[in-house]
$ cat data-v1.txt   # compact mmCIF, C-alpha atoms
# COMPACT_ATOMS: atom_id res chain seq x y z
CA MET A 113 39.93 5.49 31.30
CA ARG A 114 39.74 6.43 27.61
CA SER A 115 38.63 9.91 26.57
CA ALA A 116 35.67 10.43 24.23
CA SER A 117 37.98 11.18 21.27
CA ASP A 118 40.02 8.01 21.98
CA ARG A 119 36.84 5.96 22.01
CA SER A 120 35.78 7.53 18.73
CA VAL A 121 39.11 6.66 17.07
CA PHE A 122 38.95 3.17 18.57
CA ARG A 123 35.45 2.68 17.16
CA ARG A 124 36.53 3.99 13.75
CA ASP A 125 39.47 1.55 13.67
CA ASN A 126 37.24 -1.38 14.52
CA ALA A 127 34.59 -0.29 12.01
CA LEU A 128 37.18 -0.04 9.24
CA PHE A 129 38.54 -3.48 10.14
CA ALA A 130 35.05 -4.98 10.19
CA LEU A 131 34.25 -3.39 6.82
CA CYS A 132 37.40 -4.83 5.22
CA VAL A 133 36.68 -8.29 6.68
CA VAL A 134 33.08 -8.18 5.44
CA LEU A 135 34.20 -7.12 1.95
CA SER A 136 36.72 -9.99 1.90
CA LEU A 137 34.05 -12.47 2.96
CA VAL A 138 31.66 -11.15 0.30
CA MET A 139 34.34 -11.75 -2.35
CA LEU A 140 34.94 -15.25 -1.00
CA ALA A 141 31.23 -15.96 -1.23
CA ARG A 142 30.75 -14.28 -4.62
CA PRO A 143 33.85 -14.97 -6.75
CA ASP A 144 32.15 -13.38 -9.79
CA TRP A 145 32.07 -9.99 -8.03
CA GLY A 146 35.63 -10.42 -6.79
CA GLY A 147 36.69 -11.46 -10.28
CA LYS A 148 35.43 -8.18 -11.74
CA VAL A 149 37.25 -6.12 -9.11
CA THR A 150 40.53 -8.02 -9.46
CA GLY A 151 40.24 -7.87 -13.25
CA LEU A 152 39.97 -4.09 -13.02
CA ILE A 153 43.02 -3.96 -10.76
CA ARG A 154 45.06 -6.13 -13.16
CA GLY A 155 44.05 -3.98 -16.10
CA SER A 156 44.84 -0.65 -14.48
CA VAL A 157 46.99 -0.20 -11.35
CA LEU A 158 48.88 -3.46 -11.69
CA ARG A 159 49.63 -3.22 -15.39
CA PRO A 160 52.92 -1.24 -15.13
CA PHE A 161 54.11 -3.41 -12.24
CA LEU A 162 53.35 -6.62 -14.13
CA SER A 163 55.27 -5.21 -17.09
CA ILE A 164 58.23 -4.71 -14.76
CA GLN A 165 57.88 -8.30 -13.55
CA GLU A 166 57.60 -9.58 -17.12
CA TRP A 167 60.79 -7.72 -17.97
CA ALA A 168 62.48 -9.19 -14.89
CA GLU A 169 61.38 -12.71 -15.87
CA SER A 170 62.62 -12.19 -19.44
CA SER A 171 65.97 -10.87 -18.30
CA ARG A 172 66.25 -13.83 -15.94
CA SER A 173 65.76 -16.14 -18.91
CA ALA A 174 68.40 -14.18 -20.82
CA ARG A 175 70.73 -14.50 -17.87
CA VAL A 176 70.07 -18.24 -17.90
CA ALA A 177 71.02 -18.39 -21.58
CA LEU A 178 74.17 -16.41 -20.90
CA GLY A 179 75.00 -18.79 -18.10
CA GLN A 180 74.70 -21.70 -20.50
CA LEU A 181 77.12 -20.08 -22.92
CA ARG A 182 79.57 -19.57 -20.10
CA ALA A 183 79.07 -23.11 -18.94
CA GLU A 184 79.92 -24.41 -22.38
CA ARG A 185 83.00 -22.23 -22.49
CA ASP A 186 84.21 -22.99 -19.01
CA SER A 187 85.12 -26.34 -17.64
CA ALA A 188 82.31 -28.82 -17.05
CA VAL A 189 83.28 -29.30 -13.43
CA HIS A 190 83.11 -25.59 -12.72
CA ALA A 191 79.73 -25.37 -14.40
CA ALA A 192 78.41 -28.33 -12.49
CA GLN A 193 79.52 -26.83 -9.21
CA PHE A 194 78.39 -23.26 -9.60
CA LEU A 195 75.78 -23.08 -12.34
CA HIS A 196 73.58 -26.03 -11.51
CA SER A 197 70.33 -24.05 -11.34
CA LEU A 198 71.14 -22.22 -14.56
CA ARG A 199 71.82 -25.52 -16.27
CA ALA A 200 68.54 -26.94 -15.04
CA GLU A 201 66.67 -23.90 -16.32
CA ASN A 202 68.42 -24.24 -19.66
CA GLU A 203 67.59 -27.91 -19.92
CA ARG A 204 64.00 -26.95 -19.41
CA LEU A 205 64.13 -24.22 -22.05
CA ARG A 206 65.67 -26.65 -24.51
CA ALA A 207 62.97 -29.21 -23.73
CA LEU A 208 60.34 -26.56 -24.30
CA ILE A 209 61.88 -25.64 -27.65
CA GLY A 210 62.03 -29.34 -28.57
CA LEU A 211 58.39 -29.75 -27.65
CA GLY A 212 57.53 -26.69 -29.74
CA HIS A 213 59.17 -28.30 -32.80
CA ARG A 214 57.22 -31.52 -32.35
CA LEU A 215 53.83 -29.90 -31.79
CA LYS A 216 51.83 -29.74 -34.99
CA THR A 217 49.24 -27.45 -33.47
CA GLU A 218 49.66 -23.69 -33.13
CA PHE A 219 51.07 -22.53 -29.79
CA ILE A 220 52.08 -19.37 -27.97
CA PRO A 221 55.10 -19.30 -25.62
CA ALA A 222 54.58 -17.40 -22.36
CA ASP A 223 56.48 -16.50 -19.19
CA VAL A 224 54.97 -17.47 -15.85
CA LEU A 225 54.83 -14.52 -13.46
CA HIS A 226 55.15 -16.34 -10.13
CA GLN A 227 53.85 -14.56 -7.02
CA ALA A 228 54.75 -14.58 -3.34
CA LEU A 229 51.45 -15.99 -2.11
CA PRO A 230 51.03 -19.54 -0.81
CA THR A 231 48.29 -20.26 -3.34
CA ASP A 232 50.58 -19.47 -6.30
CA GLY A 233 50.56 -22.58 -8.45
CA ARG A 234 46.83 -23.16 -8.24
CA THR A 235 46.54 -20.39 -10.79
CA LEU A 236 49.36 -18.96 -12.91
CA LEU A 237 49.64 -15.44 -14.25
CA LEU A 238 50.98 -15.73 -17.82
CA SER A 239 52.67 -12.99 -19.84
CA ALA A 240 50.66 -13.65 -23.03
CA GLY A 241 47.12 -12.36 -23.48
CA ALA A 242 44.41 -11.63 -26.03
CA LYS A 243 46.69 -9.47 -28.17
CA ASP A 244 49.00 -12.50 -28.55
CA GLY A 245 46.06 -14.67 -29.59
CA VAL A 246 45.34 -16.42 -26.29
CA ARG A 247 41.72 -17.45 -25.78
CA GLU A 248 39.76 -18.88 -22.89
CA PHE A 249 40.08 -22.68 -22.53
CA ASP A 250 43.39 -22.79 -24.39
CA VAL A 251 45.51 -25.57 -22.89
CA VAL A 252 48.75 -24.77 -21.02
CA VAL A 253 51.57 -27.31 -21.17
CA ALA A 254 55.14 -27.69 -19.96
CA PRO A 255 57.73 -29.92 -21.66
CA GLU A 256 56.78 -32.71 -19.26
CA GLY A 257 53.02 -32.57 -19.77
CA LEU A 258 49.75 -30.90 -18.83
CA LEU A 259 49.72 -27.86 -16.54
CA GLY A 260 46.20 -26.49 -16.92
CA VAL A 261 43.80 -24.43 -18.94
CA VAL A 262 43.43 -20.70 -19.55
CA GLN A 263 40.65 -19.36 -17.36
CA THR A 264 40.77 -15.59 -17.87
CA VAL A 265 42.18 -13.62 -20.79
CA GLU A 266 43.09 -9.96 -20.71
CA SER A 267 44.87 -7.79 -23.22
CA GLY A 268 48.46 -8.47 -22.16
CA GLN A 269 48.08 -11.27 -19.64
CA SER A 270 46.08 -14.37 -19.00
CA ILE A 271 45.39 -16.56 -16.00
CA ALA A 272 45.59 -20.33 -16.15
CA MET A 273 43.88 -22.68 -13.74
CA THR A 274 46.37 -25.48 -13.09
CA TRP A 275 45.75 -29.05 -12.04
CA ALA A 276 46.55 -27.97 -8.45
CA HIS A 277 43.34 -25.91 -8.32
CA PRO A 278 40.63 -27.69 -6.30
CA GLU A 279 38.13 -27.24 -9.15
CA PHE A 280 40.36 -28.69 -11.90
CA ARG A 281 39.05 -31.73 -13.79
CA ALA A 282 40.25 -33.45 -16.98
CA SER A 283 39.14 -36.62 -18.72
CA ALA A 284 42.03 -39.07 -19.06
CA PHE A 285 42.93 -42.61 -20.03
CA ALA A 286 45.68 -45.05 -19.21
CA GLN A 287 48.30 -46.04 -21.74
CA PRO A 288 48.44 -48.84 -22.68
CA GLY A 289 44.87 -49.93 -22.14
CA GLU A 290 41.33 -48.79 -22.35
CA VAL A 291 40.91 -47.57 -18.79
CA PHE A 292 39.26 -44.15 -18.60
CA GLY A 293 38.68 -41.82 -15.67
CA VAL A 294 38.61 -38.22 -14.53
CA VAL A 295 41.75 -36.55 -13.19
CA ALA A 296 41.38 -34.21 -10.22
CA PRO A 297 43.81 -32.84 -7.63
CA ALA A 298 44.38 -35.05 -4.59
CA LEU A 299 43.56 -32.63 -1.78
CA GLN A 300 45.48 -33.58 1.31
CA ILE A 301 46.30 -32.22 4.74
CA ALA A 302 49.38 -34.10 5.90
CA GLY A 303 50.99 -35.16 2.61
CA THR A 304 54.27 -33.76 1.43
CA GLU A 305 53.93 -34.40 -2.29
CA HIS A 306 51.71 -32.77 -4.91
CA LEU A 307 49.53 -35.56 -6.25
CA LEU A 308 46.61 -36.10 -8.58
CA GLN A 309 43.77 -38.61 -8.47
CA LEU A 310 42.34 -40.64 -11.32
CA ARG A 311 38.72 -41.11 -10.32
CA GLY A 312 35.85 -43.01 -11.82
CA VAL A 313 37.87 -46.07 -12.85
CA ALA A 314 35.58 -49.09 -13.20
CA ILE A 315 35.87 -51.71 -10.44
CA ARG A 316 36.76 -54.38 -13.01
CA ASP A 317 39.81 -52.42 -14.20
CA SER A 318 43.14 -52.19 -12.49
CA LEU A 319 46.20 -50.11 -13.22
CA PRO A 320 49.74 -51.19 -12.40
CA VAL A 321 52.15 -48.77 -10.78
CA GLY A 322 53.98 -46.70 -13.39
CA THR A 323 51.14 -46.62 -15.91
CA LEU A 324 51.19 -43.39 -17.92
CA ILE A 325 47.96 -41.38 -17.84
CA LEU A 326 47.17 -39.14 -20.81
CA THR A 327 44.36 -36.72 -21.58
CA SER A 328 41.61 -38.50 -23.50
CA GLY A 329 40.16 -35.56 -25.43
CA LEU A 330 36.66 -36.22 -24.09
CA GLY A 331 34.92 -32.99 -23.22
CA GLY A 332 36.61 -31.03 -25.95
CA VAL A 333 38.87 -28.85 -23.81
CA PHE A 334 42.06 -30.88 -23.62
CA PRO A 335 43.35 -32.50 -26.81
CA PRO A 336 44.13 -36.23 -26.44
CA GLY A 337 47.64 -37.44 -25.77
CA ILE A 338 49.03 -34.92 -23.25
CA PRO A 339 50.77 -36.67 -20.31
CA VAL A 340 49.04 -35.95 -17.02
CA GLY A 341 50.93 -38.24 -14.65
CA THR A 342 51.92 -41.76 -13.73
CA VAL A 343 50.11 -44.14 -11.40
CA ILE A 344 51.80 -44.57 -8.02
CA GLY A 345 49.10 -46.72 -6.41
CA PRO A 346 45.47 -46.94 -5.34
CA ALA A 347 44.08 -44.13 -3.17
CA SER A 348 42.69 -44.95 0.23
CA ASP A 349 39.37 -43.17 -0.33
CA GLU A 350 37.85 -45.68 -2.70
CA THR A 351 34.10 -45.29 -2.75
CA GLY A 352 33.00 -48.85 -3.40
CA TRP A 353 31.55 -48.18 -6.83
CA GLU A 354 34.70 -46.87 -8.46
CA LEU A 355 38.45 -47.18 -8.12
CA VAL A 356 40.58 -44.15 -7.36
CA TYR A 357 44.28 -44.09 -8.21
CA LEU A 358 46.94 -41.65 -7.06
CA LEU A 359 49.08 -40.11 -9.80
CA ARG A 360 52.43 -38.38 -9.67
CA PRO A 361 51.94 -35.33 -11.93
CA ALA A 362 54.00 -35.10 -15.11
CA ALA A 363 54.54 -31.33 -14.81
CA PHE A 364 54.59 -29.04 -11.78
CA PRO A 365 53.13 -25.52 -11.89
CA GLY A 366 55.78 -24.10 -9.58
CA ALA A 367 58.73 -25.66 -11.40
CA GLY A 368 59.34 -23.54 -14.46
CA SER A 369 59.00 -20.00 -15.65
CA GLN A 370 58.13 -20.74 -19.29
CA VAL A 371 55.12 -22.58 -20.71
CA LEU A 372 53.41 -23.14 -24.03
CA ILE A 373 49.76 -22.21 -24.61
CA LEU A 374 48.18 -24.49 -27.22
CA ARG A 375 45.71 -22.79 -29.51
CA GLY A 376 42.73 -24.92 -30.50
CA GLY A 377 44.56 -28.23 -30.22
CA THR A 378 43.75 -30.83 -32.88
CA PRO A 379 43.81 -34.54 -32.06
CA SER A 380 46.73 -35.28 -34.36
CA GLY A 381 48.70 -32.18 -33.41
CA VAL A 382 49.51 -33.05 -29.84
CA SER A 383 49.63 -36.80 -29.35
CA GLY A 384 53.19 -37.98 -29.79
CA ALA A 385 54.77 -34.59 -29.20
CA PHE A 386 55.45 -35.42 -25.57
CA ARG A 387 56.94 -38.85 -26.28
CA GLN A 388 60.45 -38.01 -25.11
CA GLU A 389 59.37 -36.10 -22.01
CA ARG A 390 57.43 -38.89 -20.35
CA THR A 391 57.85 -39.25 -16.62
CA PRO A 392 59.72 -42.46 -15.88
CA MET B 617 56.75 9.57 12.87
CA SER B 618 54.10 12.15 12.25
CA GLY B 619 55.44 15.04 10.14
CA PRO B 620 54.77 15.22 6.40
CA ARG B 621 58.48 14.80 5.73
CA ASP B 622 58.63 11.59 7.78
CA ARG B 623 55.51 10.29 6.06
CA GLY B 624 57.09 11.12 2.71
CA ARG B 625 60.18 9.10 3.63
CA LEU B 626 58.04 6.15 4.75
CA TRP B 627 56.19 6.23 1.43
CA ALA B 628 59.51 6.41 -0.43
CA VAL B 629 60.71 3.24 1.35
CA ILE B 630 57.37 1.55 0.63
CA ALA B 631 57.60 2.54 -3.06
CA PHE B 632 61.15 1.15 -3.15
CA LEU B 633 59.92 -2.17 -1.71
CA VAL B 634 57.06 -2.34 -4.23
CA VAL B 635 59.52 -1.88 -7.09
CA LEU B 636 61.81 -4.54 -5.59
CA HIS B 637 58.86 -6.92 -5.37
CA PHE B 638 58.23 -6.78 -9.09
CA ALA B 639 61.75 -6.14 -10.41
CA LEU B 640 64.02 -8.12 -8.09
CA ARG B 641 61.92 -10.92 -6.65
CA PRO B 642 61.35 -12.76 -9.98
CA ARG B 643 65.12 -12.90 -10.45
CA LEU B 644 65.63 -14.63 -7.11
CA GLY B 645 63.77 -17.78 -8.18
CA ALA B 646 62.24 -20.17 -5.62
CA SER B 647 59.01 -18.17 -5.56
CA GLN B 648 57.56 -20.21 -2.69
CA ILE B 649 60.21 -19.04 -0.23
CA ALA B 650 61.63 -15.83 -1.71
CA PRO B 651 61.03 -12.75 0.48
CA ASP B 652 57.69 -11.02 0.04
CA PHE B 653 58.59 -7.35 -0.38
CA LEU B 654 54.94 -6.32 -0.73
CA PHE B 655 54.11 -7.85 2.62
CA LEU B 656 57.19 -6.20 4.13
CA ALA B 657 55.93 -2.83 2.89
CA LEU B 658 52.56 -3.55 4.50
CA MET B 659 54.22 -4.40 7.84
CA LEU B 660 56.37 -1.25 7.76
CA TYR B 661 53.22 0.79 7.19
CA ALA B 662 51.07 -1.15 9.68
CA ILE B 663 53.41 -0.83 12.65
CA ARG B 664 53.46 2.95 12.14
CA SER B 665 49.74 3.48 11.64
CA ARG B 666 46.36 3.26 13.34
CA PRO B 667 44.84 -0.24 13.27
CA GLY B 668 42.00 0.93 11.00
CA SER B 669 44.38 2.37 8.40
CA ALA B 670 46.55 -0.74 8.67
CA ALA B 671 43.52 -2.98 8.08
CA LEU B 672 42.58 -0.95 5.01
CA ALA B 673 46.15 -1.09 3.71
CA GLY B 674 46.13 -4.86 4.31
CA PHE B 675 42.87 -5.19 2.43
CA ILE B 676 44.31 -3.32 -0.56
CA VAL B 677 47.56 -5.35 -0.58
CA GLY B 678 45.53 -8.56 -0.26
CA LEU B 679 43.27 -7.53 -3.12
CA VAL B 680 46.32 -6.87 -5.29
CA GLY B 681 47.57 -10.36 -4.38
CA ASP B 682 44.18 -11.84 -5.24
CA ALA B 683 44.35 -10.09 -8.60
CA MET B 684 47.67 -11.81 -9.36
CA VAL B 685 46.77 -15.24 -7.93
CA PRO B 686 42.98 -15.53 -8.21
CA ALA B 687 42.84 -19.11 -6.91
CA ARG B 688 40.28 -18.02 -4.28
CA ILE B 689 39.47 -14.34 -4.53
CA GLY B 690 38.96 -12.76 -1.11
CA ALA B 691 41.27 -15.11 0.80
CA GLY B 692 44.30 -12.86 0.33
CA ALA B 693 42.32 -9.74 1.21
CA LEU B 694 41.04 -11.37 4.39
CA ALA B 695 44.48 -12.64 5.45
CA HIS B 696 46.26 -9.33 4.86
CA THR B 697 43.47 -7.34 6.55
CA VAL B 698 43.68 -9.43 9.71
CA VAL B 699 47.50 -9.41 9.83
CA GLY B 700 47.72 -5.66 9.11
CA PHE B 701 45.19 -4.89 11.84
CA LEU B 702 46.93 -7.12 14.41
CA ALA B 703 50.37 -5.74 13.51
CA ALA B 704 49.15 -2.19 14.19
CA TRP B 705 47.69 -3.29 17.54
CA GLY B 706 50.84 -5.21 18.37
CA ARG B 707 52.99 -2.16 17.75
CA ALA B 708 50.85 -0.20 20.22
CA VAL B 709 51.13 -2.91 22.84
CA PHE B 710 54.59 -4.43 22.77
CA PHE B 711 56.83 -3.55 19.83
CA PRO B 712 59.94 -1.80 21.06
CA ASP B 713 62.50 -0.37 18.65
CA ASN B 714 64.40 -3.62 18.71
CA LEU B 715 65.68 -5.22 15.53
CA PHE B 716 65.05 -8.76 16.76
CA VAL B 717 61.49 -8.03 17.86
CA ASN B 718 60.75 -6.31 14.56
CA GLY B 719 62.15 -9.31 12.70
CA VAL B 720 60.07 -11.73 14.76
CA ALA B 721 56.95 -9.62 14.17
CA ILE B 722 57.52 -9.69 10.41
CA ALA B 723 58.19 -13.45 10.43
CA VAL B 724 55.08 -14.19 12.50
CA GLY B 725 53.10 -11.91 10.20
CA VAL B 726 54.19 -13.80 7.06
CA TRP B 727 53.40 -17.15 8.65
CA ALA B 728 50.00 -15.98 9.91
CA ARG B 729 49.17 -14.48 6.51
CA ASN B 730 50.03 -17.76 4.76
CA ALA B 731 48.07 -19.80 7.32
CA ILE B 732 44.93 -17.66 7.07
CA GLN B 733 45.10 -17.54 3.29
CA LEU B 734 45.58 -21.31 2.95
CA LEU B 735 42.76 -22.08 5.37
CA ALA B 736 40.43 -19.61 3.65
CA SER B 737 41.36 -21.02 0.22
CA GLY B 738 40.50 -24.61 1.06
CA GLY B 739 42.56 -27.74 0.54
CA GLY B 740 45.59 -27.95 -1.69
CA THR B 741 47.43 -30.75 -3.41
CA GLY B 742 50.74 -30.24 -1.68
CA GLY B 743 49.55 -30.88 1.82
CA LEU B 744 48.56 -28.11 4.21
CA MET B 745 51.13 -29.21 6.78
CA GLU B 746 53.99 -28.97 4.30
CA GLN B 747 52.87 -25.50 3.28
CA LEU B 748 52.50 -24.35 6.89
CA PHE B 749 55.57 -25.96 8.41
CA VAL B 750 58.10 -26.02 5.57
CA TYR B 751 57.51 -23.29 3.00
CA ALA B 752 55.77 -20.68 5.19
CA PRO B 753 58.52 -20.66 7.89
CA LEU B 754 61.24 -20.42 5.24
CA GLN B 755 59.49 -17.52 3.52
CA ALA B 756 58.86 -15.92 6.93
CA LEU B 757 62.54 -16.21 7.85
CA LEU B 758 63.80 -14.77 4.55
CA THR B 759 61.26 -11.93 4.65
CA ALA B 760 62.23 -11.14 8.26
CA LEU B 761 65.94 -11.07 7.35
CA THR B 762 65.16 -8.78 4.43
CA GLY B 763 63.08 -6.63 6.76
CA ALA B 764 65.97 -6.37 9.20
CA VAL B 765 68.27 -5.20 6.41
CA VAL B 766 65.69 -2.62 5.26
CA LEU B 767 65.25 -1.36 8.84
CA VAL B 768 68.99 -1.01 9.37
CA VAL B 769 69.59 0.69 6.01
CA PHE B 770 66.63 3.06 6.31
CA GLN B 771 66.54 3.53 10.08
CA ARG B 772 67.02 7.30 9.82
CA TRP B 773 64.34 7.61 7.18
CA LEU B 774 61.99 5.46 9.24
CA ASP B 775 62.86 7.49 12.33
CA ILE B 776 63.60 4.57 14.62
CA ARG B 777 66.45 3.98 17.03
CA LEU B 778 67.14 0.31 16.67
CA GLU B 779 68.60 -1.71 19.50
CA THR B 780 70.28 -4.98 18.61

$ encode --input "data-v1.txt" --output "structure tokens"
Amino acid sequence: MRSASDRSVFRRDNALFALCVVLSLVMLARPDWGGKVTGLIRGSVLRPFLSIQEWAESSRSARVALGQLRAERDSAVHAAQFLHSLRAENERLRALIGLGHRLKTEFIPADVLHQALPTDGRTLLLSAGAKDGVREFDVVVAPEGLLGVVQTVESGQSIAMTWAHPEFRASAFAQPGEVFGVVAPALQIAGTEHLLQLRGVAIRDSLPVGTLILTSGLGGVFPPGIPVGTVIGPASDETGWELVYLLRPAAFPGAGSQVLILRGGTPSGVSGAFRQERTP
Amino acid sequence: MSGPRDRGRLWAVIAFLVVLHFALRPRLGASQIAPDFLFLALMLYAIRSRPGSAALAGFIVGLVGDAMVPARIGAGALAHTVVGFLAAWGRAVFFPDNLFVNGVAIAVGVWARNAIQLLASGGGTGGLMEQLFVYAPLQALLTALTGAVVLVVFQRWLDIRLET
């Protein structure tokens, strides 16, 4: 039998647990309240730790560059055997630099501060913020194509909502052709591949497998001409009044640690810049 | 572990893990499966504390996670609160000072955290099953192995007599 003091401690433990659960549920129900609290945490307690992570990401990139120099100096076989991941990272950096040269619009390079949580990739914490010139609704791209859009901007960091976020939407069109639709994430339970959907395609239209889907520029957030993905087939959840196609995304939020943030993209500044990075 | 000196050592280990999380983890790459040092710090604290304190610590760690990945704010706080609370209860009920059992507890904790957070966050594009049965177990395994190393290295500081 528990003593009175034991029961009191037991009750206090349960009350504290219940309070924490209730607060969590309140934040789930009211994301605007939770957003204010987490914004405060990012701007105060977390700031020095995120600086450490930013430094770690930067030094990782530097290590990657050093690895490339070594790879060029050493034999190709040795490099291929032992520095494969460094080479891949370098290829990506070079592609990003190449994309930067071709973009006619202003852009800001940023490191992605990946986190340990399973939902990392639906949003990305970026190392560039308001002091670097980042603004809300700036578009985030990788060398391969569209990643997402800046959702929250703080002094030294910003948060991008990627195409993997359940609330992501972008107007898009098929190339070649005049088929338009809305791109959204393909939410799935049993699948093993990250996929997108092109929704709202007219019944009379059809898209062959391999068709490249680009942003259309409608809506004013995403400039036209950024690759979103390629058609891999019709989705099973067709509604009867529209066609839905599954897309293999052009760029993956979890793949790289560097991105470009486009500032106020102009129609002529982006289309064509991604020509060489199209997904086959 | 009850004296101020012991508590101080526990906090030193936790601070070390927090620094590792931000300074070392990004260098490891493969962020989906790399060990979660922040969660490891929570587990070390939870299995040495009252369930209420562990729940509060879990809530704070979860909130910090939500601040860094605000895909669905509150999901991380909920997941860490539940896992912290259960870890503290579990320690009271069945955790012996056994390295394997500690490792299993950490691994189960990581998996449960990921499962609760994913379910509370809603559907994802990569497939829930893949997240739960491919990435979460790999991250759980790597975090448990890291936890085992931390326990062995700091066993005197953490005041435990580990059996293997």

$ residues_around --input "data-v1.txt" --residues "segment 256-261 of chain A" --least-positions-apart "2" --cutoff "7 Å" --atoms "all atoms listed in the file" --output "MDAnalysis selection string"
chainID A and resid 249:254 263 272:275 338:340 362:365 386 389:390

$ residues_around --input "data-v1.txt" --residues "segment 673-686 of chain B" --least-positions-apart "5" --cutoff "8 Å" --atoms "only C-alpha atoms" --output "PyMOL selection string"
(chain A and resi 132+136+147+150-151+153-154+158+227+229+231-232+234-237) or (chain B and resi 654-655+658+662+691-701)

$ interface_residues --input "data-v1.txt" --of "chain B" --to "chain A" --cutoff "8 Å" --atoms "all atoms listed in the file" --output "ChimeraX atom specification"
/B:635,638-640,642-643,647-652,666-669,671-672,675,679-691,693-694,697-698,701,730,733-734,737-747,752

$ closest_residue --input "data-v1.txt" --among "B:Ile722, B:Met659, B:Val629, B:Leu644" --to "Val769 of chain B" --atoms "only C-alpha atoms"
B:Val629

$ atom_distance --input "data-v1.txt" --atom1 "atom CA of Ile344 of chain A" --atom2 "atom CA of Tyr357 of chain A"
7.5 Å

$ closest_residue --input "data-v1.txt" --among "A:Leu326, A:Leu319, A:Ala207, A:Val333" --to "Gly345 of chain A" --atoms "only C-alpha atoms"
A:Leu319

$ atom_distance --input "data-v1.txt" --atom1 "atom CA of Gly312 of chain A" --atom2 "atom CA of Val262 of chain A"
24.8 Å
